[in-house]
$ cat entry.pdb   # PDB, C-alpha atoms, pLDDT in the B column
ATOM      1  CA  MET A   1      99.015 133.912 138.724  1.00 81.00           C
ATOM      2  CA  ASN A   2     102.409 133.570 137.045  1.00 93.00           C
ATOM      3  CA  PRO A   3     102.466 131.634 133.734  1.00 90.00           C
ATOM      4  CA  VAL A   4     104.528 128.697 135.067  1.00 89.00           C
ATOM      5  CA  ALA A   5     102.237 128.202 138.065  1.00 92.00           C
ATOM      6  CA  GLU A   6      99.242 128.484 135.705  1.00 91.00           C
ATOM      7  CA  ALA A   7     100.654 125.770 133.391  1.00 90.00           C
ATOM      8  CA  ILE A   8     101.295 123.474 136.383  1.00 89.00           C
ATOM      9  CA  LYS A   9      97.765 124.074 137.708  1.00 91.00           C
ATOM     10  CA  ASN A  10      96.030 123.498 134.366  1.00 90.00           C
ATOM     11  CA  ARG A  11      98.047 120.601 132.921  1.00 94.00           C
ATOM     12  CA  SER A  12      96.449 117.167 132.825  1.00 92.00           C
ATOM     13  CA  SER A  13      97.047 114.043 130.770  1.00 93.00           C
ATOM     14  CA  THR A  14      95.462 114.301 127.326  1.00 95.00           C
ATOM     15  CA  ARG A  15      94.091 111.049 125.952  1.00 95.00           C
ATOM     16  CA  GLY A  16      92.625 112.281 122.673  1.00 95.00           C
ATOM     17  CA  TYR A  17      94.222 114.327 119.896  1.00 97.00           C
ATOM     18  CA  THR A  18      93.265 115.881 116.592  1.00 97.00           C
ATOM     19  CA  ALA A  19      95.131 114.818 113.450  1.00 96.00           C
ATOM     20  CA  GLU A  20      96.695 118.293 113.147  1.00 97.00           C
ATOM     21  CA  PRO A  21     100.489 117.927 113.234  1.00 98.00           C
ATOM     22  CA  LEU A  22     102.699 120.062 115.409  1.00 98.00           C
ATOM     23  CA  THR A  23     104.305 123.011 113.696  1.00 98.00           C
ATOM     24  CA  GLU A  24     108.080 123.133 113.496  1.00 98.00           C
ATOM     25  CA  ALA A  25     108.009 126.019 116.000  1.00 98.00           C
ATOM     26  CA  GLU A  26     105.895 123.993 118.464  1.00 98.00           C
ATOM     27  CA  LEU A  27     108.162 120.958 118.207  1.00 98.00           C
ATOM     28  CA  ASN A  28     111.274 123.096 118.580  1.00 98.00           C
ATOM     29  CA  ALA A  29     109.823 124.780 121.685  1.00 98.00           C
ATOM     30  CA  LEU A  30     109.155 121.375 123.273  1.00 98.00           C
ATOM     31  CA  LEU A  31     112.619 120.078 122.454  1.00 98.00           C
ATOM     32  CA  GLN A  32     114.208 123.272 123.755  1.00 98.00           C
ATOM     33  CA  ALA A  33     112.332 122.826 127.045  1.00 98.00           C
ATOM     34  CA  GLY A  34     113.703 119.291 127.339  1.00 98.00           C
ATOM     35  CA  LEU A  35     117.219 120.253 126.320  1.00 98.00           C
ATOM     36  CA  GLN A  36     117.317 123.155 128.778  1.00 98.00           C
ATOM     37  CA  SER A  37     116.214 120.992 131.692  1.00 98.00           C
ATOM     38  CA  PRO A  38     118.748 120.500 134.464  1.00 98.00           C
ATOM     39  CA  THR A  39     120.724 117.268 134.683  1.00 98.00           C
ATOM     40  CA  ALA A  40     122.874 115.876 137.485  1.00 98.00           C
ATOM     41  CA  VAL A  41     126.389 117.345 137.368  1.00 97.00           C
ATOM     42  CA  ASN A  42     125.314 119.002 134.080  1.00 97.00           C
ATOM     43  CA  ARG A  43     125.820 115.632 132.352  1.00 97.00           C
ATOM     44  CA  GLN A  44     123.251 116.482 129.636  1.00 97.00           C
ATOM     45  CA  GLU A  45     122.907 112.776 128.856  1.00 98.00           C
ATOM     46  CA  VAL A  46     119.239 112.737 127.831  1.00 98.00           C
ATOM     47  CA  HIS A  47     118.571 112.081 124.123  1.00 98.00           C
ATOM     48  CA  PHE A  48     115.261 112.843 122.381  1.00 98.00           C
ATOM     49  CA  THR A  49     113.911 110.660 119.558  1.00 98.00           C
ATOM     50  CA  VAL A  50     110.951 112.233 117.746  1.00 98.00           C
ATOM     51  CA  LEU A  51     108.448 110.043 115.897  1.00 98.00           C
ATOM     52  CA  ARG A  52     105.356 110.974 113.944  1.00 97.00           C
ATOM     53  CA  GLY A  53     102.275 109.232 115.286  1.00 96.00           C
ATOM     54  CA  ASP A  54     102.022 107.073 112.169  1.00 96.00           C
ATOM     55  CA  HIS A  55     105.600 105.767 112.399  1.00 98.00           C
ATOM     56  CA  PRO A  56     105.579 101.938 112.096  1.00 97.00           C
ATOM     57  CA  LEU A  57     107.909 101.524 115.087  1.00 98.00           C
ATOM     58  CA  LEU A  58     105.148 102.800 117.358  1.00 98.00           C
ATOM     59  CA  SER A  59     102.925  99.918 116.223  1.00 96.00           C
ATOM     60  CA  GLU A  60     105.757  97.472 116.909  1.00 97.00           C
ATOM     61  CA  ILE A  61     106.264  98.894 120.406  1.00 97.00           C
ATOM     62  CA  GLU A  62     102.514  98.706 121.025  1.00 96.00           C
ATOM     63  CA  ALA A  63     102.436  95.063 119.889  1.00 95.00           C
ATOM     64  CA  GLU A  64     105.360  94.146 122.153  1.00 96.00           C
ATOM     65  CA  LYS A  65     103.797  95.955 125.127  1.00 96.00           C
ATOM     66  CA  ASN A  66     100.540  94.083 124.574  1.00 95.00           C
ATOM     67  CA  ARG A  67     102.317  90.744 124.087  1.00 94.00           C
ATOM     68  CA  LEU A  68     104.198  91.120 127.353  1.00 94.00           C
ATOM     69  CA  ARG A  69     100.986  92.017 129.186  1.00 92.00           C
ATOM     70  CA  GLY A  70      98.850  89.389 127.483  1.00 91.00           C
ATOM     71  CA  LEU A  71      96.492  92.078 126.190  1.00 87.00           C
ATOM     72  CA  THR A  72      94.231  91.925 123.159  1.00 82.00           C
ATOM     73  CA  ASP A  73      91.617  94.272 121.728  1.00 77.00           C
ATOM     74  CA  GLN A  74      92.950  97.478 123.275  1.00 77.00           C
ATOM     75  CA  PRO A  75      90.615 100.475 122.701  1.00 77.00           C
ATOM     76  CA  HIS A  76      93.585 102.750 121.926  1.00 85.00           C
ATOM     77  CA  ASN A  77      97.328 102.623 121.518  1.00 93.00           C
ATOM     78  CA  PHE A  78      99.748 103.706 124.245  1.00 95.00           C
ATOM     79  CA  TYR A  79     100.108 107.220 122.804  1.00 96.00           C
ATOM     80  CA  TYR A  80      96.380 107.823 122.202  1.00 95.00           C
ATOM     81  CA  GLU A  81      96.894 108.547 118.490  1.00 96.00           C
ATOM     82  CA  ALA A  82      98.932 111.685 119.209  1.00 98.00           C
ATOM     83  CA  PRO A  83     100.558 113.108 116.084  1.00 98.00           C
ATOM     84  CA  THR A  84     103.969 113.241 117.784  1.00 98.00           C
ATOM     85  CA  VAL A  85     105.707 110.925 120.247  1.00 98.00           C
ATOM     86  CA  ILE A  86     109.044 111.821 121.828  1.00 98.00           C
ATOM     87  CA  LEU A  87     111.038 108.999 123.415  1.00 98.00           C
ATOM     88  CA  LEU A  88     113.664 110.011 125.956  1.00 98.00           C
ATOM     89  CA  SER A  89     116.686 107.775 126.333  1.00 98.00           C
ATOM     90  CA  ALA A  90     119.688 108.317 128.562  1.00 98.00           C
ATOM     91  CA  GLU A  91     122.975 106.720 129.548  1.00 98.00           C
ATOM     92  CA  ARG A  92     122.292 103.270 130.979  1.00 97.00           C
ATOM     93  CA  SER A  93     125.306 103.433 133.310  1.00 97.00           C
ATOM     94  CA  PHE A  94     124.635 106.899 134.789  1.00 98.00           C
ATOM     95  CA  HIS A  95     122.868 106.602 138.144  1.00 96.00           C
ATOM     96  CA  TRP A  96     120.773 109.756 137.694  1.00 98.00           C
ATOM     97  CA  SER A  97     119.560 109.175 134.107  1.00 98.00           C
ATOM     98  CA  VAL A  98     116.046 108.206 135.162  1.00 97.00           C
ATOM     99  CA  VAL A  99     115.714 111.364 137.266  1.00 98.00           C
ATOM    100  CA  ASP A 100     117.153 113.580 134.535  1.00 98.00           C
ATOM    101  CA  ALA A 101     114.777 112.127 131.932  1.00 98.00           C
ATOM    102  CA  GLY A 102     111.858 112.645 134.322  1.00 98.00           C
ATOM    103  CA  ILE A 103     112.769 116.287 134.796  1.00 98.00           C
ATOM    104  CA  ALA A 104     113.070 116.782 131.029  1.00 98.00           C
ATOM    105  CA  VAL A 105     109.736 115.127 130.226  1.00 98.00           C
ATOM    106  CA  GLN A 106     107.952 117.257 132.845  1.00 98.00           C
ATOM    107  CA  SER A 107     109.525 120.408 131.407  1.00 98.00           C
ATOM    108  CA  MET A 108     108.272 119.389 127.970  1.00 98.00           C
ATOM    109  CA  ALA A 109     104.769 118.605 129.277  1.00 98.00           C
ATOM    110  CA  LEU A 110     104.572 122.032 130.912  1.00 97.00           C
ATOM    111  CA  ALA A 111     105.866 123.681 127.734  1.00 97.00           C
ATOM    112  CA  ALA A 112     103.144 121.844 125.789  1.00 98.00           C
ATOM    113  CA  GLU A 113     100.487 123.181 128.175  1.00 96.00           C
ATOM    114  CA  SER A 114     101.842 126.718 127.816  1.00 96.00           C
ATOM    115  CA  LEU A 115     101.542 126.388 124.024  1.00 97.00           C
ATOM    116  CA  GLY A 116      97.921 125.217 124.278  1.00 97.00           C
ATOM    117  CA  LEU A 117      98.881 121.640 123.370  1.00 98.00           C
ATOM    118  CA  GLY A 118      97.934 118.439 125.137  1.00 97.00           C
ATOM    119  CA  SER A 119     100.352 115.780 126.313  1.00 98.00           C
ATOM    120  CA  VAL A 120     100.563 112.550 128.232  1.00 98.00           C
ATOM    121  CA  ILE A 121     103.709 111.230 129.902  1.00 98.00           C
ATOM    122  CA  ILE A 122     104.231 107.576 129.009  1.00 98.00           C
ATOM    123  CA  GLY A 123     105.932 104.915 131.067  1.00 97.00           C
ATOM    124  CA  CYS A 124     103.825 101.883 130.094  1.00 96.00           C
ATOM    125  CA  ILE A 125     106.205 100.870 127.284  1.00 97.00           C
ATOM    126  CA  TYR A 126     109.217 100.546 129.596  1.00 98.00           C
ATOM    127  CA  ASP A 127     109.062  96.738 129.737  1.00 97.00           C
ATOM    128  CA  ALA A 128     108.654  96.461 125.955  1.00 97.00           C
ATOM    129  CA  LEU A 129     111.758  98.601 125.406  1.00 98.00           C
ATOM    130  CA  HIS A 130     113.782  96.795 128.100  1.00 98.00           C
ATOM    131  CA  GLY A 131     112.757  93.246 127.247  1.00 96.00           C
ATOM    132  CA  GLU A 132     114.023  90.666 124.795  1.00 96.00           C
ATOM    133  CA  LYS A 133     113.672  93.137 121.894  1.00 98.00           C
ATOM    134  CA  GLN A 134     115.624  95.899 123.645  1.00 98.00           C
ATOM    135  CA  ALA A 135     118.644  95.811 121.291  1.00 98.00           C
ATOM    136  CA  TYR A 136     116.371  95.771 118.243  1.00 98.00           C
ATOM    137  CA  PHE A 137     114.351  98.778 119.418  1.00 98.00           C
ATOM    138  CA  GLU A 138     117.433 100.745 120.513  1.00 98.00           C
ATOM    139  CA  LYS A 139     118.975 100.310 117.063  1.00 98.00           C
ATOM    140  CA  ALA A 140     115.731 100.990 115.174  1.00 98.00           C
ATOM    141  CA  LEU A 141     115.086 104.127 117.248  1.00 98.00           C
ATOM    142  CA  ARG A 142     118.710 105.222 116.745  1.00 98.00           C
ATOM    143  CA  PHE A 143     119.386 105.697 120.426  1.00 98.00           C
ATOM    144  CA  PRO A 144     123.013 106.583 121.135  1.00 98.00           C
ATOM    145  CA  GLU A 145     124.968 103.374 121.762  1.00 97.00           C
ATOM    146  CA  THR A 146     125.284 103.993 125.519  1.00 98.00           C
ATOM    147  CA  HIS A 147     121.588 104.853 126.004  1.00 98.00           C
ATOM    148  CA  GLU A 148     118.387 103.052 126.923  1.00 98.00           C
ATOM    149  CA  PHE A 149     114.731 104.098 127.056  1.00 98.00           C
ATOM    150  CA  GLN A 150     113.606 106.040 130.138  1.00 98.00           C
ATOM    151  CA  ILE A 151     110.226 107.699 129.448  1.00 98.00           C
ATOM    152  CA  ALA A 152     108.159 109.187 126.613  1.00 98.00           C
ATOM    153  CA  LEU A 153     105.780 112.027 125.844  1.00 98.00           C
ATOM    154  CA  ALA A 154     102.854 111.991 123.428  1.00 98.00           C
ATOM    155  CA  VAL A 155     101.882 115.481 122.321  1.00 98.00           C
ATOM    156  CA  GLY A 156      99.462 117.183 119.988  1.00 98.00           C
ATOM    157  CA  HIS A 157      96.399 119.378 119.695  1.00 98.00           C
ATOM    158  CA  LYS A 158      93.705 118.386 122.197  1.00 96.00           C
ATOM    159  CA  ALA A 159      90.564 116.636 120.988  1.00 95.00           C
ATOM    160  CA  THR A 160      89.409 116.039 124.562  1.00 90.00           C
ATOM    161  CA  GLU A 161      89.538 118.020 127.780  1.00 87.00           C
ATOM    162  CA  LYS A 162      90.203 116.696 131.256  1.00 86.00           C
ATOM    163  CA  THR A 163      90.000 118.462 134.572  1.00 87.00           C
ATOM    164  CA  PRO A 164      93.307 118.450 136.445  1.00 86.00           C
ATOM    165  CA  HIS A 165      93.467 116.157 139.479  1.00 85.00           C
ATOM    166  CA  ALA A 166      92.275 117.402 142.840  1.00 88.00           C
ATOM    167  CA  TYR A 167      94.580 116.900 145.802  1.00 88.00           C
ATOM    168  CA  ASP A 168      94.537 117.070 149.590  1.00 92.00           C
ATOM    169  CA  ALA A 169      97.567 119.040 150.731  1.00 90.00           C
ATOM    170  CA  GLU A 170      97.022 118.082 154.375  1.00 91.00           C
ATOM    171  CA  THR A 171      97.434 114.403 153.477  1.00 94.00           C
ATOM    172  CA  HIS A 172     100.373 114.816 151.114  1.00 94.00           C
ATOM    173  CA  VAL A 173     102.473 117.534 152.733  1.00 95.00           C
ATOM    174  CA  THR A 174     104.371 117.488 156.018  1.00 93.00           C
ATOM    175  CA  CYS A 175     106.183 120.610 157.166  1.00 95.00           C
ATOM    176  CA  LEU A 176     108.686 120.112 159.966  1.00 95.00           C
TER     177      LEU A 176
END
$ encode --input "entry.pdb" --output "structure tokens"
Amino acid sequence: MNPVAEAIKNRSSTRGYTAEPLTEAELNALLQAGLQSPTAVNRQEVHFTVLRGDHPLLSEIEAEKNRLRGLTDQPHNFYYEAPTVILLSAERSFHWSVVDAGIAVQSMALAAESLGLGSVIIGCIYDALHGEKQAYFEKALRFPETHEFQIALAVGHKATEKTPHAYDAETHVTCL
């Protein structure tokens, strides 16, 4: 099987990481995968903000997410203690930003799998980063002025394994 198809087949969301940080080469490979992803009309409007897993802003985002959802006593944080979290922001006024960010985050998740790393794509903080504290978080995260949060990726060395999802092609595919 070709390596790309193998990465797609084997990738699943990782919800447990070791404390081992990513190497500079691993991080650069992930960012390159995101940066090389296609964008509508080659706009290249997606911006990547990299945070270490112990960055205090991640705790603030977690607290705001939980506040908005009325949650207490969560067993884990939204990034499952991954040593690296990458937030993707994109131009708020460009119609295809959400699609472009989605393509980039999937490219990065597949790159992580090919490097033997685990990852989980994160959307659960969208409301926290688009709510009443949006301007605060955008400034603190140093998003470009015209950008807003789209999606995130937690990544690191796997501490847990998960079998990829099964699917039923007959139910989910129609060929005309």
$ closest_atom_pairs --input "entry.pdb" --of "stretch 4-113 of chain A" --to "stretch 131-151 of chain A" --cutoff "10 Å" --atoms "only C-alpha atoms" --output "Markdown table"
| residue | atom | partner | partner_atom | distance |
| --- | --- | --- | --- | --- |
| A:Glu45 | CA | A:His147 | CA | 8.5 |
| A:Val46 | CA | A:His147 | CA | 8.4 |
| A:His47 | CA | A:Phe143 | CA | 7.4 |
| A:Phe48 | CA | A:Phe143 | CA | 8.5 |
| A:Thr49 | CA | A:Leu141 | CA | 7.0 |
| A:Val50 | CA | A:Leu141 | CA | 9.1 |
| A:Leu51 | CA | A:Leu141 | CA | 9.0 |
| A:Leu57 | CA | A:Ala140 | CA | 7.8 |
| A:Glu60 | CA | A:Phe137 | CA | 9.0 |
| A:Ile61 | CA | A:Phe137 | CA | 8.1 |
| A:Glu64 | CA | A:Lys133 | CA | 8.4 |
| A:Lys65 | CA | A:Gly131 | CA | 9.6 |
| A:Leu68 | CA | A:Gly131 | CA | 8.8 |
| A:Ile86 | CA | A:Ile151 | CA | 8.7 |
| A:Leu87 | CA | A:Ile151 | CA | 6.2 |
| A:Leu88 | CA | A:Ile151 | CA | 5.4 |
| A:Ser89 | CA | A:Phe149 | CA | 4.2 |
| A:Ala90 | CA | A:His147 | CA | 4.7 |
| A:Glu91 | CA | A:His147 | CA | 4.2 |
| A:Arg92 | CA | A:His147 | CA | 5.3 |
| A:Ser93 | CA | A:Thr146 | CA | 7.8 |
| A:Phe94 | CA | A:His147 | CA | 9.5 |
| A:Ser97 | CA | A:Gln150 | CA | 7.8 |
| A:Val98 | CA | A:Gln150 | CA | 6.0 |
| A:Val99 | CA | A:Gln150 | CA | 9.1 |
| A:Asp100 | CA | A:Gln150 | CA | 9.4 |
| A:Ala101 | CA | A:Gln150 | CA | 6.5 |
| A:Gly102 | CA | A:Ile151 | CA | 7.1 |
| A:Ala104 | CA | A:Ile151 | CA | 9.6 |
| A:Val105 | CA | A:Ile151 | CA | 7.5 |
$ resolve_selection --input "entry.pdb" --expression "the PyMOL selection byres ((chain A and resi 14-21) around 6)" --output "NGL selection string"
:A and (13 or 22 or 80 or 82-83 or 118-120 or 156-160)
$ closest_atom_pairs --input "entry.pdb" --of "stretch 99-151 of chain A" --to "stretch 1-6 of chain A" --cutoff "12 Å" --atoms "all atoms listed in the file" --output "Markdown table"
| residue | atom | partner | partner_atom | distance |
| --- | --- | --- | --- | --- |
| A:Ser107 | CA | A:Val4 | CA | 10.3 |
| A:Ala109 | CA | A:Val4 | CA | 11.6 |
| A:Leu110 | CA | A:Val4 | CA | 7.9 |
| A:Ala111 | CA | A:Val4 | CA | 9.0 |
| A:Ala112 | CA | A:Val4 | CA | 11.6 |
| A:Glu113 | CA | A:Glu6 | CA | 9.3 |
| A:Ser114 | CA | A:Pro3 | CA | 7.7 |
| A:Leu115 | CA | A:Pro3 | CA | 11.1 |
| A:Gly116 | CA | A:Glu6 | CA | 12.0 |
$ atom_distance --input "entry.pdb" --atom1 "atom CA of A:Met108" --atom2 "atom CA of A:Gly34"
5.5 Å
$ atom_distance --input "entry.pdb" --atom1 "atom CA of A:Gly53" --atom2 "atom CA of A:Thr84"
5.0 Å
$ axis_aligned_box --input "entry.pdb" --around "stretch 27-41 of chain A" --padding-each-side "3 Å" --output "JSON"
{"center_x": 117.3, "center_y": 120.3, "center_z": 127.8, "size_x": 24.2, "size_y": 14.9, "size_z": 25.3}
$ atom_distance --input "entry.pdb" --atom1 "atom CA of A:Asp127" --atom2 "atom CA of A:Pro56"
18.7 Å
$ resolve_selection --input "entry.pdb" --expression "the PyMOL selection byres ((chain A and resi 122) around 8)" --output "mmCIF file with C-alpha atoms, keeping the file's coordinate frame"
data_model
loop_
_atom_site.group_PDB
_atom_site.id
_atom_site.type_symbol
_atom_site.label_atom_id
_atom_site.label_comp_id
_atom_site.auth_asym_id
_atom_site.auth_seq_id
_atom_site.Cartn_x
_atom_site.Cartn_y
_atom_site.Cartn_z
ATOM 1 C CA PHE A 78 99.748 103.706 124.245
ATOM 2 C CA TYR A 79 100.108 107.220 122.804
ATOM 3 C CA VAL A 120 100.563 112.550 128.232
ATOM 4 C CA ILE A 121 103.709 111.230 129.902
ATOM 5 C CA GLY A 123 105.932 104.915 131.067
ATOM 6 C CA CYS A 124 103.825 101.883 130.094
ATOM 7 C CA ILE A 125 106.205 100.870 127.284
ATOM 8 C CA ILE A 151 110.226 107.699 129.448
ATOM 9 C CA ALA A 152 108.159 109.187 126.613
ATOM 10 C CA LEU A 153 105.780 112.027 125.844
ATOM 11 C CA ALA A 154 102.854 111.991 123.428
#
$ build_atoms --input "entry.pdb" --residues "stretch 90-101 of chain A" --atoms "all heavy atoms" --output "PDB file, keeping the file's coordinate frame"
ATOM      1  N   ALA A  90     118.565 107.732 127.825  1.00 98.00           N
ATOM      2  CA  ALA A  90     119.688 108.317 128.562  1.00 98.00           C
ATOM      3  C   ALA A  90     120.707 107.229 128.856  1.00 98.00           C
ATOM      4  O   ALA A  90     120.424 106.036 128.704  1.00 98.00           O
ATOM      5  CB  ALA A  90     119.204 108.979 129.847  1.00 98.00           C
ATOM      6  N   GLU A  91     121.870 107.655 129.296  1.00 98.00           N
ATOM      7  CA  GLU A  91     122.975 106.720 129.548  1.00 98.00           C
ATOM      8  C   GLU A  91     122.550 105.639 130.540  1.00 98.00           C
ATOM      9  O   GLU A  91     122.116 105.949 131.644  1.00 98.00           O
ATOM     10  CB  GLU A  91     124.188 107.466 130.083  1.00 98.00           C
ATOM     11  CG  GLU A  91     124.823 108.380 129.072  1.00 98.00           C
ATOM     12  CD  GLU A  91     125.989 109.162 129.651  1.00 98.00           C
ATOM     13  OE1 GLU A  91     126.512 108.814 130.724  1.00 98.00           O
ATOM     14  OE2 GLU A  91     126.376 110.154 129.005  1.00 98.00           O
ATOM     15  N   ARG A  92     122.712 104.385 130.125  1.00 97.00           N
ATOM     16  CA  ARG A  92     122.292 103.270 130.979  1.00 97.00           C
ATOM     17  C   ARG A  92     123.174 103.139 132.219  1.00 97.00           C
ATOM     18  O   ARG A  92     122.729 102.637 133.242  1.00 97.00           O
ATOM     19  CB  ARG A  92     122.230 101.956 130.194  1.00 97.00           C
ATOM     20  CG  ARG A  92     123.525 101.434 129.666  1.00 97.00           C
ATOM     21  CD  ARG A  92     123.417 100.083 128.940  1.00 97.00           C
ATOM     22  NE  ARG A  92     122.289  99.916 128.059  1.00 97.00           N
ATOM     23  CZ  ARG A  92     122.275 100.255 126.767  1.00 97.00           C
ATOM     24  NH1 ARG A  92     123.350 100.769 126.228  1.00 97.00           N
ATOM     25  NH2 ARG A  92     121.203 100.076 126.041  1.00 97.00           N
ATOM     26  N   SER A  93     124.397 103.609 132.172  1.00 97.00           N
ATOM     27  CA  SER A  93     125.306 103.433 133.310  1.00 97.00           C
ATOM     28  C   SER A  93     125.340 104.630 134.258  1.00 97.00           C
ATOM     29  O   SER A  93     125.999 104.567 135.290  1.00 97.00           O
ATOM     30  CB  SER A  93     126.724 103.153 132.800  1.00 97.00           C
ATOM     31  OG  SER A  93     127.205 104.272 132.081  1.00 97.00           O
ATOM     32  N   PHE A  94     124.631 105.713 133.930  1.00 98.00           N
ATOM     33  CA  PHE A  94     124.635 106.899 134.789  1.00 98.00           C
ATOM     34  C   PHE A  94     123.491 106.795 135.793  1.00 98.00           C
ATOM     35  O   PHE A  94     122.323 106.676 135.420  1.00 98.00           O
ATOM     36  CB  PHE A  94     124.520 108.174 133.957  1.00 98.00           C
ATOM     37  CG  PHE A  94     124.666 109.447 134.746  1.00 98.00           C
ATOM     38  CD1 PHE A  94     125.750 109.651 135.582  1.00 98.00           C
ATOM     39  CD2 PHE A  94     123.724 110.450 134.636  1.00 98.00           C
ATOM     40  CE1 PHE A  94     125.898 110.821 136.307  1.00 98.00           C
ATOM     41  CE2 PHE A  94     123.855 111.635 135.349  1.00 98.00           C
ATOM     42  CZ  PHE A  94     124.947 111.819 136.187  1.00 98.00           C
ATOM     43  N   HIS A  95     123.822 106.827 137.063  1.00 96.00           N
ATOM     44  CA  HIS A  95     122.868 106.602 138.144  1.00 96.00           C
ATOM     45  C   HIS A  95     121.664 107.545 138.090  1.00 96.00           C
ATOM     46  O   HIS A  95     120.558 107.164 138.470  1.00 96.00           O
ATOM     47  CB  HIS A  95     123.596 106.732 139.492  1.00 96.00           C
ATOM     48  CG  HIS A  95     122.730 106.475 140.672  1.00 96.00           C
ATOM     49  ND1 HIS A  95     122.285 105.213 141.017  1.00 96.00           N
ATOM     50  CD2 HIS A  95     122.186 107.308 141.589  1.00 96.00           C
ATOM     51  CE1 HIS A  95     121.541 105.282 142.097  1.00 96.00           C
ATOM     52  NE2 HIS A  95     121.453 106.548 142.462  1.00 96.00           N
ATOM     53  N   TRP A  96     121.838 108.755 137.637  1.00 98.00           N
ATOM     54  CA  TRP A  96     120.773 109.756 137.694  1.00 98.00           C
ATOM     55  C   TRP A  96     120.007 109.911 136.382  1.00 98.00           C
ATOM     56  O   TRP A  96     119.158 110.800 136.246  1.00 98.00           O
ATOM     57  CB  TRP A  96     121.352 111.106 138.125  1.00 98.00           C
ATOM     58  CG  TRP A  96     121.954 111.013 139.495  1.00 98.00           C
ATOM     59  CD1 TRP A  96     123.279 111.052 139.816  1.00 98.00           C
ATOM     60  CD2 TRP A  96     121.257 110.792 140.721  1.00 98.00           C
ATOM     61  NE1 TRP A  96     123.454 110.881 141.161  1.00 98.00           N
ATOM     62  CE2 TRP A  96     122.221 110.726 141.748  1.00 98.00           C
ATOM     63  CE3 TRP A  96     119.919 110.652 141.051  1.00 98.00           C
ATOM     64  CZ2 TRP A  96     121.875 110.524 143.076  1.00 98.00           C
ATOM     65  CZ3 TRP A  96     119.576 110.447 142.385  1.00 98.00           C
ATOM     66  CH2 TRP A  96     120.561 110.389 143.371  1.00 98.00           C
ATOM     67  N   SER A  97     120.236 109.049 135.401  1.00 98.00           N
ATOM     68  CA  SER A  97     119.560 109.175 134.107  1.00 98.00           C
ATOM     69  C   SER A  97     118.042 109.164 134.216  1.00 98.00           C
ATOM     70  O   SER A  97     117.358 109.939 133.548  1.00 98.00           O
ATOM     71  CB  SER A  97     120.013 108.071 133.156  1.00 98.00           C
ATOM     72  OG  SER A  97     121.293 108.348 132.654  1.00 98.00           O
ATOM     73  N   VAL A  98     117.503 108.290 135.040  1.00 97.00           N
ATOM     74  CA  VAL A  98     116.046 108.206 135.162  1.00 97.00           C
ATOM     75  C   VAL A  98     115.476 109.505 135.734  1.00 97.00           C
ATOM     76  O   VAL A  98     114.423 109.979 135.295  1.00 97.00           O
ATOM     77  CB  VAL A  98     115.612 106.964 135.971  1.00 97.00           C
ATOM     78  CG1 VAL A  98     116.036 107.052 137.419  1.00 97.00           C
ATOM     79  CG2 VAL A  98     114.119 106.746 135.852  1.00 97.00           C
ATOM     80  N   VAL A  99     116.162 110.090 136.691  1.00 98.00           N
ATOM     81  CA  VAL A  99     115.714 111.364 137.266  1.00 98.00           C
ATOM     82  C   VAL A  99     115.820 112.475 136.229  1.00 98.00           C
ATOM     83  O   VAL A  99     114.886 113.270 136.041  1.00 98.00           O
ATOM     84  CB  VAL A  99     116.528 111.715 138.533  1.00 98.00           C
ATOM     85  CG1 VAL A  99     116.187 113.098 139.050  1.00 98.00           C
ATOM     86  CG2 VAL A  99     116.316 110.657 139.610  1.00 98.00           C
ATOM     87  N   ASP A 100     116.948 112.534 135.537  1.00 98.00           N
ATOM     88  CA  ASP A 100     117.153 113.580 134.535  1.00 98.00           C
ATOM     89  C   ASP A 100     116.112 113.502 133.415  1.00 98.00           C
ATOM     90  O   ASP A 100     115.579 114.519 132.969  1.00 98.00           O
ATOM     91  CB  ASP A 100     118.561 113.495 133.956  1.00 98.00           C
ATOM     92  CG  ASP A 100     119.636 113.883 134.968  1.00 98.00           C
ATOM     93  OD1 ASP A 100     119.298 114.465 136.014  1.00 98.00           O
ATOM     94  OD2 ASP A 100     120.816 113.584 134.703  1.00 98.00           O
ATOM     95  N   ALA A 101     115.789 112.292 132.968  1.00 98.00           N
ATOM     96  CA  ALA A 101     114.777 112.127 131.932  1.00 98.00           C
ATOM     97  C   ALA A 101     113.402 112.542 132.463  1.00 98.00           C
ATOM     98  O   ALA A 101     112.612 113.155 131.732  1.00 98.00           O
ATOM     99  CB  ALA A 101     114.752 110.686 131.427  1.00 98.00           C
TER     100      ALA A 101
END
